[in-house]
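**Student:** For reference, the structure I am asking about is given below.
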Amino acid sequence: MRIGLLGFGTVGKGVYELTAPRNDIQVVKVLCRRELTLPDAQVTHDFNDILNDDTIDTVVEVIGGLHPAWEYVKAAIEAGKNVVTANKALVAHYYDELLPLANAKGVSVRCTASVGGGIGWLSELERVRRCETVSRVGGIMNGTCNYILDSMTRLDLEYADVLRNAQVLGYAEADPSTDVDGIDTWHKLIVSANIAFGISLDIDAIPAAGISKITRDDVAMFRRKGYTCKLMSAAQVAEGFYSAYVQPTLVENGALEAAVPMNYNLITLQGNTSGRQSFFGQGAGRYPTAYNVVQDCVDILAGRGFYCPYGVKVAVLNDKRLRYYVRGAKDAWLQSQKQESWGEAIVTKPVRVDEMHAWLKKNPDAFIAALPEKN
Ligand SMILES: NC(=O)c1ccc[n+]([C@@H]2O[C@H](COP(=O)([O-])OP(=O)(O)OC[C@H]3O[C@@H](n4cnc5c(N)ncnc54)[C@H](OP(=O)(O)O)[C@@H]3O)[C@@H](O)[C@H]2O)c1
């Protein structure tokens, strides 16, 4: 396999290093914006040098973002090249174009590193689907949010102080919004659910609530009530109806999710034969992520393309009713849903997930967290 590597940042450099000793996979050209020289690959600032090189059969995209990543990936597929990407935003947003295009061109596309970094989550989902039906996927998919919530819980700190520590330690970006607003988790949920269920979810109907409004007092209240707060994703199929959402969620202190420390992930599937399977590990980092990129290259060499056939587009119906902890705004609708008070916050009666998120959109300074389903 001769690779054109797009991007030489955290993951790109890792891919270059992990492939360097291999005989079967070689990075031959690297697209980069900086001045760089490499001992055994040509560095270019022009994507066309990779696109027009017929000796390159595979493009590895690790520049991130939607543009120009999508234009590059699309052009590479149209030119008959395989694509491996770690870019969850790209896969989530362009799923409906990416897969039909790859099928039409007869090339392979894989994206294992895009969800869970070095965890073999998507590749195992592929194996699970060979033997059983998956009814539920989700969990803790963002290490930055888990680091913040875990530190607030264990060390009794304010959100802003923990975020600052996370930035110093490299667990959070200078602009953390994609992580703390739940967007990164939202991308990962979409990719996971599409693959698990073999469909394409209507992404506009999948809401995401983040953690940026959580306070030390909220966490203290959860502690008193025996709960730990985690940013959780959930997608489910029941009787042909699909639900999917991302939201802060209270888990009981004895639950597996409550024990997930630092920047770790815990991603779970529910299979009709194997039952619950959970995947724990570091969802990011140079070498874990590059490892899964290289695994995808090896899979393509072994003839494995995308994890499942492209499925039909389906609607999302978030009509499940959950109880929510809500703090920071009180209007007539919220008052009408009130079941009890927890300090300044209220806990609602069971309300529809889509209604709660619609309310939050109109009250963006509020903080919500779903209570465990059995409550
Ligand atoms: N980091 C992780 O642990 C991790 C885990 C899982 C998935 N991912 C995904 O992997 C992808 C890459 O992440 P990363 O952490 O490696 O990002 P990164 O460190 O920011 O690296 C991206 C690299 O791409 C380069 N780049 C950006 N736009 C470019 C363009 N138009 N032409 C050429 N080069 C360009 C950047 O160049 P400059 O240096 O000039 O800006 C940078 O070196 C993202 O999609 C991310 O979501 C990352």
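Convention: chains lettered A, B, ... in structure tokens order; per-chain residue numbering from 1; ligands numbered from 1 as shown.
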To check your reading of the model: which residues sit at most 7 Å from ligand 1 when counting only C-alpha atoms and all ligand atoms? Write the answer as a PyMOL selection string.
**Tutor:** chain A and resi 6-12+31-34+45+62-65+68+86-89+113-117+283-286+289
**Student:** Need to verify the contact set: range 210-216 of chain A, 8 Å, only C-alpha atoms, exclusion of same-chain residues closer than 3 positions in sequence. Can you return it as an MDAnalysis selection string?
**Tutor:** chainID A and resid 145 152 156:159 180:182 219:220 231 246:248 365:367
**Student:** Closest to Leu66 in chain A among A:Ala332, A:Ile50, A:Ala209, A:Val91, using only C-alpha atoms?
**Tutor:**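 Looking only at the distances to Leu66 in chain A, the closest residue turns out to be A:Val91.
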**Student:** May I have the residues within 8 Å of range 95-105 of chain A as a list in words, using only C-alpha atoms and disregarding those fewer than 6 positions away in the same chain?
**Tutor:**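 Using only C-alpha atoms, the neighbours found are Lys74, Ile77, Glu78, Gly80, Ser200, Phe306 and Tyr310 of chain A.
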**Student:** Grab the residues selected above and save them as a tab-separated table (two decimals), in the first residue's frame with C-alpha atoms.
**Tutor:**
chain	number	residue	atom	x	y	z
A	74	LYS	CA	-14.07	13.11	-2.45
A	77	ILE	CA	-12.27	8.47	-4.12
A	78	GLU	CA	-13.23	9.79	-7.54
A	80	GLY	CA	-10.02	5.49	-7.47
A	200	SER	CA	-28.25	6.75	7.94
A	306	PHE	CA	-16.55	-0.07	4.94
A	310	TYR	CA	-24.88	1.92	2.98
**Student:** I need the strand (DSSP E) residues of range 55-227 of chain A per DSSP on the backbone, written as a PyMOL selection string.
**Tutor:** chain A and resi 58-61+82-85+109-110+134-140+200-201+227
**Student:** I need the residues from that last selection saved to file as an mmCIF file, in the first residue's frame (with C-alpha atoms), if you can.
**Tutor:**
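As a result, part_33.cif now contains:
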data_model
loop_
_atom_site.group_PDB
_atom_site.id
_atom_site.type_symbol
_atom_site.label_atom_id
_atom_site.label_comp_id
_atom_site.auth_asym_id
_atom_site.auth_seq_id
_atom_site.Cartn_x
_atom_site.Cartn_y
_atom_site.Cartn_z
ATOM 1 C CA THR A 58 -4.628 5.097 -0.514
ATOM 2 C CA VAL A 59 -5.179 8.526 1.004
ATOM 3 C CA VAL A 60 -5.045 8.864 4.790
ATOM 4 C CA GLU A 61 -6.908 12.024 5.831
ATOM 5 C CA ASN A 82 -8.965 4.100 -0.937
ATOM 6 C CA VAL A 83 -9.502 6.431 2.015
ATOM 7 C CA VAL A 84 -8.721 6.021 5.693
ATOM 8 C CA THR A 85 -9.785 8.873 7.925
ATOM 9 C CA VAL A 109 -13.207 3.641 3.093
ATOM 10 C CA ARG A 110 -12.531 3.053 6.770
ATOM 11 C CA VAL A 134 -27.457 -4.323 17.736
ATOM 12 C CA SER A 135 -30.279 -2.484 19.493
ATOM 13 C CA ARG A 136 -28.341 0.184 21.387
ATOM 14 C CA VAL A 137 -25.007 2.029 21.226
ATOM 15 C CA GLY A 138 -23.583 4.890 23.223
ATOM 16 C CA GLY A 139 -21.685 5.865 26.310
ATOM 17 C CA ILE A 140 -18.824 8.125 27.252
ATOM 18 C CA SER A 200 -28.252 6.748 7.942
ATOM 19 C CA LEU A 201 -29.820 8.804 10.722
ATOM 20 C CA TYR A 227 -25.101 10.177 41.401
#
**Student:** Any chance you could list, as number ranges by chain, the residues in range 50-181 of chain A that come up helix (DSSP H, G or I) when DSSP is run on the backbone?
**Tutor:** A: 50-51, 69-78, 88-105, 112-114, 121-131, 143-155, 159-169, 177-180
**Student:** Give one line per residue of range 155-218 of chain A that approaches range 263-276 of chain A to at most 12 Å, naming the two atoms of the closest pair and their distance in Å to one decimal, counting only C-alpha atoms; sort by chain then ascending residue number and deliver it as JSON lines.
**Tutor:**
{"residue": "A:Ala166", "atom": "CA", "partner": "A:Asn263", "partner_atom": "CA", "distance": 9.6}
{"residue": "A:Leu169", "atom": "CA", "partner": "A:Asn263", "partner_atom": "CA", "distance": 11.0}
{"residue": "A:Gly170", "atom": "CA", "partner": "A:Asn263", "partner_atom": "CA", "distance": 10.6}
{"residue": "A:Tyr171", "atom": "CA", "partner": "A:Asn263", "partner_atom": "CA", "distance": 7.3}
{"residue": "A:Ala172", "atom": "CA", "partner": "A:Asn263", "partner_atom": "CA", "distance": 9.9}
{"residue": "A:Asp179", "atom": "CA", "partner": "A:Asn263", "partner_atom": "CA", "distance": 12.0}
{"residue": "A:Thr185", "atom": "CA", "partner": "A:Asn265", "partner_atom": "CA", "distance": 10.9}
{"residue": "A:Lys188", "atom": "CA", "partner": "A:Ile267", "partner_atom": "CA", "distance": 10.4}
{"residue": "A:Leu189", "atom": "CA", "partner": "A:Ile267", "partner_atom": "CA", "distance": 10.0}
{"residue": "A:Ser192", "atom": "CA", "partner": "A:Leu269", "partner_atom": "CA", "distance": 9.7}
{"residue": "A:Ala193", "atom": "CA", "partner": "A:Leu269", "partner_atom": "CA", "distance": 9.8}
{"residue": "A:Ile195", "atom": "CA", "partner": "A:Leu269", "partner_atom": "CA", "distance": 11.6}
{"residue": "A:Ala196", "atom": "CA", "partner": "A:Leu269", "partner_atom": "CA", "distance": 8.5}
{"residue": "A:Phe197", "atom": "CA", "partner": "A:Gly271", "partner_atom": "CA", "distance": 10.9}
**Student:** So how many Å separate CA of Thr153 in chain A and CA of Thr228 in chain A, to one decimal?
**Tutor:**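 A separation of 7.3 Å between them.
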**Student:** Can you tell me, as an mmCIF file with N, CA and C atoms, in the first residue's frame, what residues are no more than 12 Å from Ser341 in chain A when counting only C-alpha atoms, ignoring any on the same chain fewer than 3 positions away?
**Tutor:**
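The result, written out as selection12.cif:
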data_model
loop_
_atom_site.group_PDB
_atom_site.id
_atom_site.type_symbol
_atom_site.label_atom_id
_atom_site.label_comp_id
_atom_site.auth_asym_id
_atom_site.auth_seq_id
_atom_site.Cartn_x
_atom_site.Cartn_y
_atom_site.Cartn_z
ATOM 1 N N MET A 221 -24.601 18.548 44.644
ATOM 2 C CA MET A 221 -25.969 18.022 44.786
ATOM 3 C C MET A 221 -26.041 16.577 44.282
ATOM 4 N N TYR A 324 -35.487 14.983 34.290
ATOM 5 C CA TYR A 324 -34.299 15.827 34.151
ATOM 6 C C TYR A 324 -34.085 16.701 35.381
ATOM 7 N N TYR A 325 -32.818 16.870 35.733
ATOM 8 C CA TYR A 325 -32.371 17.918 36.663
ATOM 9 C C TYR A 325 -32.168 19.160 35.814
ATOM 10 N N VAL A 326 -32.807 20.266 36.188
ATOM 11 C CA VAL A 326 -32.704 21.503 35.398
ATOM 12 C C VAL A 326 -32.386 22.660 36.338
ATOM 13 N N ARG A 327 -31.312 23.403 36.007
ATOM 14 C CA ARG A 327 -30.967 24.566 36.820
ATOM 15 C C ARG A 327 -30.638 25.750 35.922
ATOM 16 N N LYS A 330 -36.309 29.244 34.750
ATOM 17 C CA LYS A 330 -37.614 28.659 35.132
ATOM 18 C C LYS A 330 -38.697 29.427 34.387
ATOM 19 N N GLN A 335 -42.036 24.982 34.871
ATOM 20 C CA GLN A 335 -42.787 24.866 36.142
ATOM 21 C C GLN A 335 -43.871 23.808 36.032
ATOM 22 N N GLN A 337 -43.729 21.168 34.439
ATOM 23 C CA GLN A 337 -43.136 19.817 34.402
ATOM 24 C C GLN A 337 -42.485 19.440 35.734
ATOM 25 N N LYS A 338 -42.517 20.368 36.700
ATOM 26 C CA LYS A 338 -41.773 20.146 37.947
ATOM 27 C C LYS A 338 -42.359 19.002 38.785
ATOM 28 N N GLU A 344 -31.747 24.808 44.343
ATOM 29 C CA GLU A 344 -32.283 25.810 43.413
ATOM 30 C C GLU A 344 -32.807 25.192 42.131
ATOM 31 N N ALA A 345 -32.417 23.945 41.911
ATOM 32 C CA ALA A 345 -32.804 23.289 40.659
ATOM 33 C C ALA A 345 -34.125 22.567 40.829
ATOM 34 N N ILE A 346 -34.724 22.238 39.692
ATOM 35 C CA ILE A 346 -35.912 21.396 39.781
ATOM 36 C C ILE A 346 -35.634 20.061 39.097
ATOM 37 N N VAL A 347 -36.371 19.056 39.528
ATOM 38 C CA VAL A 347 -36.340 17.769 38.833
ATOM 39 C C VAL A 347 -37.721 17.585 38.229
ATOM 40 N N THR A 348 -37.727 17.316 36.932
ATOM 41 C CA THR A 348 -38.999 17.254 36.211
ATOM 42 C C THR A 348 -39.679 15.907 36.392
ATOM 43 N N LYS A 349 -40.941 15.899 36.027
ATOM 44 C CA LYS A 349 -41.640 14.639 35.789
ATOM 45 C C LYS A 349 -41.023 14.053 34.519
#
**Student:** Could you state the separation of CA of Ile206 in chain A and CA of Glu355 in chain A in Å, given to one decimal place?
**Tutor:**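 CA of Glu355 in chain A lies at a distance of 12.2 Å from CA of Ile206 in chain A.
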